[in-house]
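Chemist: My questions will all concern the structure given below.
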Number of protein chains: 4
Amino acid sequence: MQKGHVVNVLDHGYLKLVDWMGTEEDIIRAARMSTGRGFERWDAGEVCKQCRVPKEEIFGSVPVPQPATESGEPCWHDWVKVPGDEKLLERLYKFNHATPFEMCVIKVEVQAPIMVFREWQRHRTWGYNEFSARYSQMPNLHYLPDLSRVQRQSKTNKQGSAEPMGEEWARNWLELVEEEQGDVYERYDWAIKEGLANELARIDTPVSRYSKMQGIVCLRNVLAFLTLRKEGGAQWEIRQFADVLGNFVQALWPRTYALWEEHTFYAKKFSRSEHEKLKSAVAALRLVMDRYTKAGYELEPSVAGAMASLDVLGFAA
Amino acid sequence: MQKGHVVNVLDHGYLKLVDWMGTEEDIIRAARMSTGRGFERWDAGEVCKQCRVPKEEIFGSVPVPQPATESGEPCWHDWVKVPGDEKLLERLYKFNHATPFEMCVIKVEVQAPIMVFREWQRHRTWGYNEFSARYSQMPNLHYLPDLSRVQRQSKTNKQGSAEPMGEEWARNWLELVEEEQGDVYERYDWAIKEGLANELARIDTPVSRYSKMQGIVCLRNVLAFLTLRKEGGAQWEIRQFADVLGNFVQALWPRTYALWEEHTFYAKKFSRSEHEKLKSAVAALRLVMDRYTKAGYELEPSVAGAMASLDVLGFAA
Amino acid sequence: MQKGHVVNVLDHGYLKLVDWMGTEEDIIRAARMSTGRGFERWDAGEVCKQCRVPKEEIFGSVPVPQPATESGEPCWHDWVKVPGDEKLLERLYKFNHATPFEMCVIKVEVQAPIMVFREWQRHRTWGYNEFSARYSQMPNLHYLPDLSRVQRQSKTNKQGSAEPMGEEWARNWLELVEEEQGDVYERYDWAIKEGLANELARIDTPVSRYSKMQGIVCLRNVLAFLTLRKEGGAQWEIRQFADVLGNFVQALWPRTYALWEEHTFYAKKFSRSEHEKLKSAVAALRLVMDRYTKAGYELEPSVAGAMASLDVLGFAA
Amino acid sequence: MQKGHVVNVLDHGYLKLVDWMGTEEDIIRAARMSTGRGFERWDAGEVCKQCRVPKEEIFGSVPVPQPATESGEPCWHDWVKVPGDEKLLERLYKFNHATPFEMCVIKVEVQAPIMVFREWQRHRTWGYNEFSARYSQMPNLHYLPDLSRVQRQSKTNKQGSAEPMGEEWARNWLELVEEEQGDVYERYDWAIKEGLANELARIDTPVSRYSKMQGIVCLRNVLAFLTLRKEGGAQWEIRQFADVLGNFVQALWPRTYALWEEHTFYAKKFSRSEHEKLKSAVAALRLVMDRYTKAGYELEPSVAGAMASLDVLGFAA
């Protein structure tokens with residue numbers, strides 16, 4: 001993904017990748033401060049015990065000059081097997097060694113309705129620079145939902161939406177909203193032309209009006225943002241931006257994004273008592289299975305595999 | 001000032017002191033971690049060299065039991081003069097030893113227009129909990145400026161206001177704004193009654209509508225907030241809240257507030273080159289004065305005092 | 001727990017509760033900003049639909065004056081069942097509505113070896129004020145581990161300890177360490193008496209030497225600290241402090257601490273692929289159970305309960 | 001300055017520029033979010049009113065294709081004078097519009113004594129990854145001050161150093177320190193070879209021992225770091241690192257660094273009452289000057305210039 005890459009979001013919004021810093025190799029390099037070594041190789045293989053060069057770089061088709069040791073002498077290489085730095089990246093992520101993920105940074109430009117910015121800017125780990133309606137006149141740009149987005153209040157989730165309102169009602173309401181946005185803007189525009197101060201003229205700016213900002217955040221905290229804002233409970237509108245932002249993060253740091261999906265976003269957490277109940281239930285089922293085999297029945301090999309999985313996952317018989 | 005103290009701000013807003021923690025003695029205690037001692041006495045006077053008790057507490061009208069030393073034995077007191085902890089507090093403030101001022105905390109409740117919250121919540125050192133228009137219907141409460149606040153766009157300050165717009169124009173505009181606020185709210189109320197999801201019905205909420213939040217922040221950072229938001233360049237509306245918040249801070253931590261006024265808010269900073277010019281100008285004036293006295297004229301004693309001030313302030317002859 | 005409560009930790013350290021602010025009722029009050037209501041009652045029961053007073057307070061043995069409504073008129077009470085605010089607190093915690101937990105604050109004083117402070121102060125959400133060896137002479141106080149703590153380097157955990165080193169070796173090593181600490185301190189003390197600057201004399205301060213600090217942090221972030229520092233992978237020494245700090249937090253905010261134990265500290269997280277494997281294994285076992293019952297065998301009622309648990313936990317048949 | 005640039009600091013330390021992001025043009029672009037425009041030109045001159053291209057780029061020696069407007073049509077250019085974006089950068093800095101300066105980031109690697117890291121890591125706006133003595137054996141590398149740095153305790157500044165201790169004393173003390181560092185390391189090395197856990201063996205690590213870390217921070221906060229750590233009151237050792245870090249910042253963002261020098265580091269702040277005294281003194285001098293001229297004496301033109309400076313600086317007659 002290139003700097004300047006833009007994706008349109010909602011009816012008039014967009015997300016632009018302005019800049020970014022740091023590769024996944026740099027995450028490893030920062031984490032390796034703890035041992036004094038740097039990045040070696042992503043996959044399992046061999047590196048030199050002294051100078052840590054991967055074996056392929058020496059014996060590969062393209063000859064690589066023999067790297068010198070710190071003392072200035074050439075290194076005679078003593079090969080040793082390493083599990084590969086992908087394992088280290090996973091361990092860092094899985095066991096909450098979070099600071100190496102602060103070593104990468106992303107800067108984006110966002111055009112979005114103010115209602116989206118109101119949620120976004122509650123994330124205090126970002127730096128923000130937003131359009132100022134005290135300085136300049138805002139453009140006549142408002143968010144009008146799609147017909148299918150005009151949904152009923154959810155009964156079960158007090159902050160959520162449920163089934164559509166019905167097409168006719170929705171069409172009518174959208175017309176009203178559009179007219180309202182137009183009328184309010186017209187009076188805003190007129191008051192500014194009359195010479196009223198910008199900071200007063202904007203007094204009735206609807207939160208559906210589009211504003212613009214740049215935001216900067218490190219990889220650790222953009223993942224925290226995605227965890228909250230890609231989630232089903234987040235308002236649909238900000239989720240559209242979070243989805244695109246997630247794509248940016250995935251393009252720039254694919255291994256880390258996959259780890260976030262595996263260990264955070266799609267992971268399943270059981271509370272202490274849920275976990276207890278789960279263990280009891282599995283134990284009960286294993287007892288039934290034992291009786292079944294004791295009764296002389298046979299099991300397919302796949303069941304043995306399932307039992308092995310349970311052992312690994314901590315559900316020992 | 002008591003917990004629960006409320007001050008009305010703007011037409012429908014308020015600021016309430018919900019809670020607070022830490023006294024100015026506690027700031028001294030935290031700072032004294034560096035020496036292992038605690039708070040002693042605000043004013044200059046004598047304390048015991050060993051047990052650090054102020055002399056007045058022993059010899060005062062109300063007899064105080066002789067404090068025991070750490071070893072358990074009574075202390076025979078060896079009086080030593082100290083400059084008083086007010087000096088320490090001033091030194092901490094003046095020389096940017098800022099962390100002791102993080103040891104006090106204030107929690108407030110704010111009802112204010114969304115346009116004020118949009119500026120307030122850019123301060124990332126606070127914790128916030130705001131009313132959610134996704135959960136609940138917002139009340140029909142909007143900010144309508146006073147007649148005198150209906151000001152022209154400033155020519156010199158692109159984000160500021162200038163002279164009033166004229167009474168008739170202002171009256172007319174305020175009527176329009178009030179009507180607009182009423183109309184938008186009516187449609188909002190109707191859509192919610194029709195069953196539309198709260199998070200959609202609020203789409204055209206004007207930023208003049210009142211919302212409500214609790215905010216918590218430490219003394220160090222509330223002062224940083226006041227520095228920016230009590231200042232003339234801040235929008236008039238948030239300044240009204242900052243002024244009241246400043247009064248709360250002054251009531252709770254009066255010495256610190258006075259130091260903030262003296263060394264920050266009403267202090268005067270000259271840039272390097274301004275300071276150079278200032279020094280040259282003062283030197284030139286002193287030369288003129290020298291010539292004047294050499295010419296046989298006499299000066300009043302007050303001029304000598306002024307010269308002494310200049311010496312102290314670094315404008316040596 | 002009272003302010004000033006002290007617990008000794010390690011050989012010369014301690015943790016003191018200096019101050020704290022905010023109750024669990026205050027957490028509810030902050031969270032209820034979203035609806036405009038306040039704290040009502042912890043347990044399930046009835047409150048008045050209008051004035052939200054719990055029924056017991058009106059009909060209890062101690063008569064309570066009938067609360068007036070906002071309009072000033074007495075309220076005639078219309079009772080409605082509520083699930084109790086404990087449910088809300090749980091929901092806030094479980095679904096990561098974290099900001100209300102920033103509304104409580106704890107301030108502690110810590111005496112600990114510098115090696116512990118080096119880990120502690122990496123937590124950037126606290127405010128700290130530590131003893132300064134540039135200002136004052138450090139006391140002659142060093143950490144010397146217990147005999148049983150003198151452990152081998154772990155083979156499996158590169159940053160961990162394993163079995164004891166053997167008593168004789170340990171005794172010998174501890175003697176060496178103690179002598180070393182004494183010698184280094186003696187030269188430090190001598191250099192200061194000779195007039196060397198404090199900031200230089202302390203150059204060889206061992207990280208086992210005790211220092212002292214005050215720290216302040218909100219409830220949200222003290223829980224984040226506990227999650228990392230009470231955990232088995234944290235160094236044993238800081239864990240001793242984290243355990244005591246955990247006791248403080250539990251005493252002050254018991255419901256929240258229990259939620260942290262249930263949903264964070266003792267919760268069990270399965271990654272996406274682990275969860276997939278777990279679901280497959282349970283499904284396989286359920287198939288076996290089905291065959292077992294189809295073969296004519298009967299199951300105890302407890303197995304039915306286990307199956308119901310599995311359904312609730314998302315392992316539908 | 002290139003990535004990877006290294007400067008040696010103290011006897012065994014260094015500062016390396018690992019990476020950085022954002023130019024001063026990017027600071028302008030972020031700030032211009034408030035108006036919707038981007039970077040135009042640093043110096044005063046003309047830009048097109050519509051497409052904002054600088055005039056030189058069109059009429060310069062190298063022909064530039066005529067830029068198209070947003071609508072896709074070529075722009076016919078309507079030239080307008082602008083003060084140049086250097087003015088905007090200065091205004092941002094001077095009036096504490098600090099967030100645009102968060103849009104640049106610097107990442108460095110530091111090898112420094114632990115005593116320096118103890119001060120450095122108190123800055124909570126950085127991200128850090130340091131060598132871990134729990135994981136790995138620390139190298140035998142210790143800070144030994146130069147002879148001239150062996151200074152007396154200051155009488156006036158309790159945390160400062162004064163004149164040298166005398167060469168003989170210094171030489172003797174340095175020998176003792178070096179021996180101490182060697183002995184402690186020898187026992188450390190031996191205990192690790194014996195199999196003692198790293199995290200225990202390092203118990204007497206002197207704070208003079210070198211450690212290593214990577215740190216990342218935004219431009220706004222690196223300037224805050226420099227303000228505190230380049231200042232005369234900071235310990236000499238960390239000042240050596242801050243000076244080099246300042247050179248890095250100056251090389252990367254020279255205009256901003258100059259503004260920091262002009263408006264922060266070398267600026268002179270007078271407290272409210274100091275400013276009052278200064279104004280009185282200047283007024284008194286101006287009166288003397290008036291009398292001098294009224295007495296018939298003449299003044300050189302340079303004095304008139306000085307008076308004009310005073311007017312501009314707010315010392316009106």
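By order of appearance in the structure tokens: chains A, B, ..., then residues from 1 within every chain, and ligands from 1 in the order shown.
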For chain C, work out the contacting residues on chain A at 7 Å, counting only C-alpha atoms, and write them as a ChimeraX atom specification.

Modeler: /A:262-263,266-272,275,277-278,280-281,284-285,288-289,292,303,306-307,309-310

Chemist: With N, CA and C atoms retained, export the selected residues as a short mmCIF file (atom, residue, chain, number, x, y, z; two decimals), in the first residue's frame.

Modeler:
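Wrote it out as part-v9.cif, contents follow:
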data_model
loop_
_atom_site.label_atom_id
_atom_site.label_comp_id
_atom_site.auth_asym_id
_atom_site.auth_seq_id
_atom_site.Cartn_x
_atom_site.Cartn_y
_atom_site.Cartn_z
N GLU A 262 -6.13 -13.56 15.50
CA GLU A 262 -6.07 -14.88 16.14
C GLU A 262 -6.19 -14.78 17.67
N HIS A 263 -5.47 -13.84 18.26
CA HIS A 263 -5.38 -13.80 19.72
C HIS A 263 -6.24 -12.74 20.38
N TYR A 266 -10.81 -12.46 17.15
CA TYR A 266 -11.62 -13.66 17.01
C TYR A 266 -11.33 -14.67 18.12
N ALA A 267 -10.55 -14.27 19.13
CA ALA A 267 -10.32 -15.16 20.26
C ALA A 267 -11.59 -15.26 21.08
N LYS A 268 -11.67 -16.29 21.91
CA LYS A 268 -12.86 -16.50 22.74
C LYS A 268 -12.41 -16.56 24.19
N LYS A 269 -12.92 -15.65 24.99
CA LYS A 269 -12.55 -15.63 26.40
C LYS A 269 -13.67 -16.22 27.25
N PHE A 270 -13.31 -17.17 28.10
CA PHE A 270 -14.28 -17.68 29.07
C PHE A 270 -13.89 -17.14 30.44
N SER A 271 -14.89 -16.63 31.16
CA SER A 271 -14.60 -16.15 32.51
C SER A 271 -14.23 -17.35 33.37
N ARG A 272 -13.68 -17.04 34.54
CA ARG A 272 -13.25 -18.11 35.44
C ARG A 272 -14.34 -19.14 35.65
N HIS A 275 -15.20 -21.10 32.52
CA HIS A 275 -14.16 -22.08 32.24
C HIS A 275 -14.32 -23.31 33.13
N LYS A 277 -17.16 -24.45 34.36
CA LYS A 277 -18.31 -25.20 33.84
C LYS A 277 -17.92 -25.97 32.59
N LEU A 278 -17.15 -25.34 31.75
CA LEU A 278 -16.71 -25.98 30.51
C LEU A 278 -15.87 -27.22 30.83
N SER A 280 -15.99 -29.04 33.56
CA SER A 280 -16.86 -30.08 34.11
C SER A 280 -17.61 -30.79 33.00
N ALA A 281 -18.14 -30.02 32.06
CA ALA A 281 -18.94 -30.61 30.99
C ALA A 281 -18.09 -31.53 30.13
N ALA A 284 -17.45 -34.70 31.97
CA ALA A 284 -18.63 -35.56 31.96
C ALA A 284 -18.72 -36.32 30.64
N LEU A 285 -18.47 -35.60 29.55
CA LEU A 285 -18.53 -36.23 28.23
C LEU A 285 -17.45 -37.30 28.07
N VAL A 288 -18.58 -40.43 29.68
CA VAL A 288 -19.52 -41.15 28.82
C VAL A 288 -18.77 -41.92 27.74
N MET A 289 -17.78 -41.26 27.16
CA MET A 289 -16.99 -41.90 26.11
C MET A 289 -16.28 -43.14 26.64
N TYR A 292 -18.63 -45.88 26.95
CA TYR A 292 -19.00 -46.35 25.61
C TYR A 292 -17.96 -47.34 25.10
N VAL A 303 -11.79 -39.23 16.67
CA VAL A 303 -12.11 -38.96 18.08
C VAL A 303 -10.82 -38.90 18.90
N ALA A 306 -9.39 -35.58 18.52
CA ALA A 306 -10.13 -34.60 19.31
C ALA A 306 -9.68 -34.66 20.77
N MET A 307 -9.45 -35.89 21.27
CA MET A 307 -9.02 -36.03 22.67
C MET A 307 -7.63 -35.43 22.87
N SER A 309 -6.40 -32.95 21.18
CA SER A 309 -6.62 -31.50 21.21
C SER A 309 -7.02 -31.05 22.61
N LEU A 310 -7.95 -31.77 23.19
CA LEU A 310 -8.44 -31.40 24.52
C LEU A 310 -7.30 -31.41 25.54
#

Chemist: Please provide the set of residues having any atom within 9 Å of Leu144 of chain A, restricted to only C-alpha atoms, with same-chain residues fewer than 5 positions apart removed, written as a PyMOL selection string.

Modeler: (chain A and resi 10-11+174+177-178+208) or (chain B and resi 203)

Chemist: So, with only C-alpha atoms as the atoms that count, which of D:Trp169, D:Phe241, D:Gly38, D:Leu252 lies closest to Met1 of chain D?

Modeler: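 Selected residue with least distance to Met1 of chain D: D:Leu252.
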
Chemist: Leaving out segment 21-36 of chain B and any residue of its chain fewer than 2 positions from it, which residues lie within 8 Å of it when counting only C-alpha atoms, given as JSON, numbers by chain?

Modeler: {"B": [19, 38, 39, 85, 88, 89, 100, 101, 103, 104, 105, 106, 252, 253, 255, 256], "C": [19, 20, 21, 129, 130, 131, 132, 133, 135, 136, 212, 213, 214]}

Chemist: How would the residues just chosen look if you wrote them out with N, CA, C and O atoms as a compact mmCIF listing (two decimals), in the first residue's frame?

Modeler:
# COMPACT_ATOMS: atom_id res chain seq x y z
N ASP B 19 -16.06 15.55 43.43
CA ASP B 19 -15.14 14.99 44.43
C ASP B 19 -13.74 15.54 44.18
O ASP B 19 -13.47 16.12 43.13
N GLY B 38 8.71 14.88 55.45
CA GLY B 38 7.33 15.17 55.04
C GLY B 38 7.03 16.65 55.10
O GLY B 38 7.94 17.48 55.04
N PHE B 39 5.75 16.97 55.22
CA PHE B 39 5.36 18.37 55.36
C PHE B 39 5.73 18.85 56.75
O PHE B 39 5.56 18.15 57.73
N ASP B 85 7.50 25.74 54.04
CA ASP B 85 7.24 24.91 52.86
C ASP B 85 6.59 25.67 51.72
O ASP B 85 6.50 25.17 50.60
N LEU B 88 9.18 25.94 49.26
CA LEU B 88 9.37 24.70 48.49
C LEU B 88 8.31 24.59 47.40
O LEU B 88 8.61 24.27 46.25
N LEU B 89 7.06 24.86 47.77
CA LEU B 89 5.97 24.79 46.80
C LEU B 89 6.27 25.73 45.62
O LEU B 89 6.08 25.35 44.45
N PRO B 100 4.84 16.35 41.53
CA PRO B 100 4.10 16.41 42.79
C PRO B 100 2.68 16.96 42.62
O PRO B 100 1.79 16.64 43.40
N PHE B 101 2.47 17.77 41.57
CA PHE B 101 1.13 18.33 41.34
C PHE B 101 0.19 17.32 40.70
O PHE B 101 -0.97 17.61 40.47
N MET B 103 -0.40 14.66 42.30
CA MET B 103 -0.84 13.92 43.48
C MET B 103 -2.20 14.42 44.00
O MET B 103 -2.71 13.89 44.99
N CYS B 104 -2.77 15.44 43.37
CA CYS B 104 -4.12 15.91 43.71
C CYS B 104 -5.01 15.69 42.50
O CYS B 104 -4.55 15.78 41.37
N VAL B 105 -6.28 15.43 42.77
CA VAL B 105 -7.21 15.05 41.72
C VAL B 105 -8.54 15.76 41.93
O VAL B 105 -8.95 15.96 43.07
N ILE B 106 -9.20 16.17 40.83
CA ILE B 106 -10.52 16.79 40.93
C ILE B 106 -11.48 16.09 39.97
O ILE B 106 -11.09 15.72 38.86
N LEU B 252 -9.77 24.92 46.28
CA LEU B 252 -9.22 23.68 46.83
C LEU B 252 -7.72 23.77 47.08
O LEU B 252 -7.21 23.23 48.06
N TRP B 253 -7.00 24.44 46.16
CA TRP B 253 -5.54 24.51 46.25
C TRP B 253 -5.10 25.95 46.02
O TRP B 253 -4.50 26.28 44.98
N ARG B 255 -2.77 28.07 47.22
CA ARG B 255 -1.37 28.45 47.00
C ARG B 255 -0.92 28.10 45.59
O ARG B 255 -0.21 28.85 44.93
N THR B 256 -1.31 26.91 45.15
CA THR B 256 -0.91 26.46 43.82
C THR B 256 -1.54 27.32 42.74
O THR B 256 -0.91 27.67 41.74
N ASP C 19 -3.80 7.40 50.30
CA ASP C 19 -5.08 8.06 50.08
C ASP C 19 -5.82 7.34 48.97
O ASP C 19 -5.24 6.55 48.22
N TRP C 20 -7.10 7.61 48.84
CA TRP C 20 -7.87 7.05 47.74
C TRP C 20 -9.12 7.88 47.56
O TRP C 20 -9.54 8.60 48.46
N MET C 21 -9.74 7.80 46.37
CA MET C 21 -10.95 8.57 46.09
C MET C 21 -11.90 7.73 45.25
O MET C 21 -11.46 7.04 44.34
N ASN C 129 6.62 10.11 42.44
CA ASN C 129 7.61 10.98 43.06
C ASN C 129 8.54 10.11 43.89
O ASN C 129 8.13 9.58 44.92
N GLU C 130 9.78 10.00 43.44
CA GLU C 130 10.72 9.10 44.08
C GLU C 130 11.82 9.87 44.81
O GLU C 130 12.15 11.01 44.46
N PHE C 131 12.38 9.24 45.82
CA PHE C 131 13.58 9.70 46.50
C PHE C 131 14.64 10.04 45.46
O PHE C 131 14.79 9.34 44.47
N SER C 132 15.38 11.13 45.68
CA SER C 132 16.41 11.53 44.73
C SER C 132 17.79 11.40 45.35
O SER C 132 18.11 12.09 46.32
N ALA C 133 18.61 10.54 44.77
CA ALA C 133 19.97 10.36 45.27
C ALA C 133 20.87 11.51 44.83
O ALA C 133 22.04 11.55 45.19
N TYR C 135 19.78 14.62 45.56
CA TYR C 135 19.49 15.53 46.67
C TYR C 135 20.05 15.04 48.00
O TYR C 135 20.61 15.80 48.76
N SER C 136 19.84 13.77 48.28
CA SER C 136 20.06 13.28 49.63
C SER C 136 20.85 11.98 49.59
O SER C 136 20.89 11.28 48.57
N LYS C 212 12.44 4.87 47.71
CA LYS C 212 11.10 5.14 48.23
C LYS C 212 10.37 6.03 47.25
O LYS C 212 10.96 6.92 46.66
N MET C 213 9.07 5.80 47.07
CA MET C 213 8.32 6.71 46.19
C MET C 213 6.86 6.74 46.58
O MET C 213 6.37 5.88 47.30
N GLN C 214 6.17 7.79 46.13
CA GLN C 214 4.72 7.79 46.14
C GLN C 214 4.25 7.62 44.71
O GLN C 214 4.88 8.13 43.77

Chemist: Could you pull out the residues in segment 67-200 of chain A that DSSP calls strand (DSSP E) from the backbone, as a list in words?

Modeler: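 DSSP on the backbone gives strand (DSSP E) at Trp79, Val80, Lys81, Val82, Val105, Ile106, Lys107, Val108, Glu109, Val110, Gln111, Ala112, Pro113, Gly127, Tyr128, Asn129, Glu130, Gln151, Arg152, Gln153, Ser161, Ala162, Glu163 and Pro164 of chain A.
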
Chemist: Do you have the atom CA of Ile238 of chain D-atom CA of Ile114 of chain D distance handy?

Modeler: 10.6 Å

Chemist: Running DSSP on the backbone, which parts of segment 87-167 of chain A land in alpha helix (DSSP H), as a list in words?

Modeler: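 Taking segment 87-167 of chain A and keeping alpha helix (DSSP H) only, one gets Lys87, Leu88, Leu89, Glu90, Arg91, Leu92, Tyr93, Lys94, Ile114, Met115, Val116, Phe117, Arg118, Glu119, Trp120 and Glu167 of chain A.
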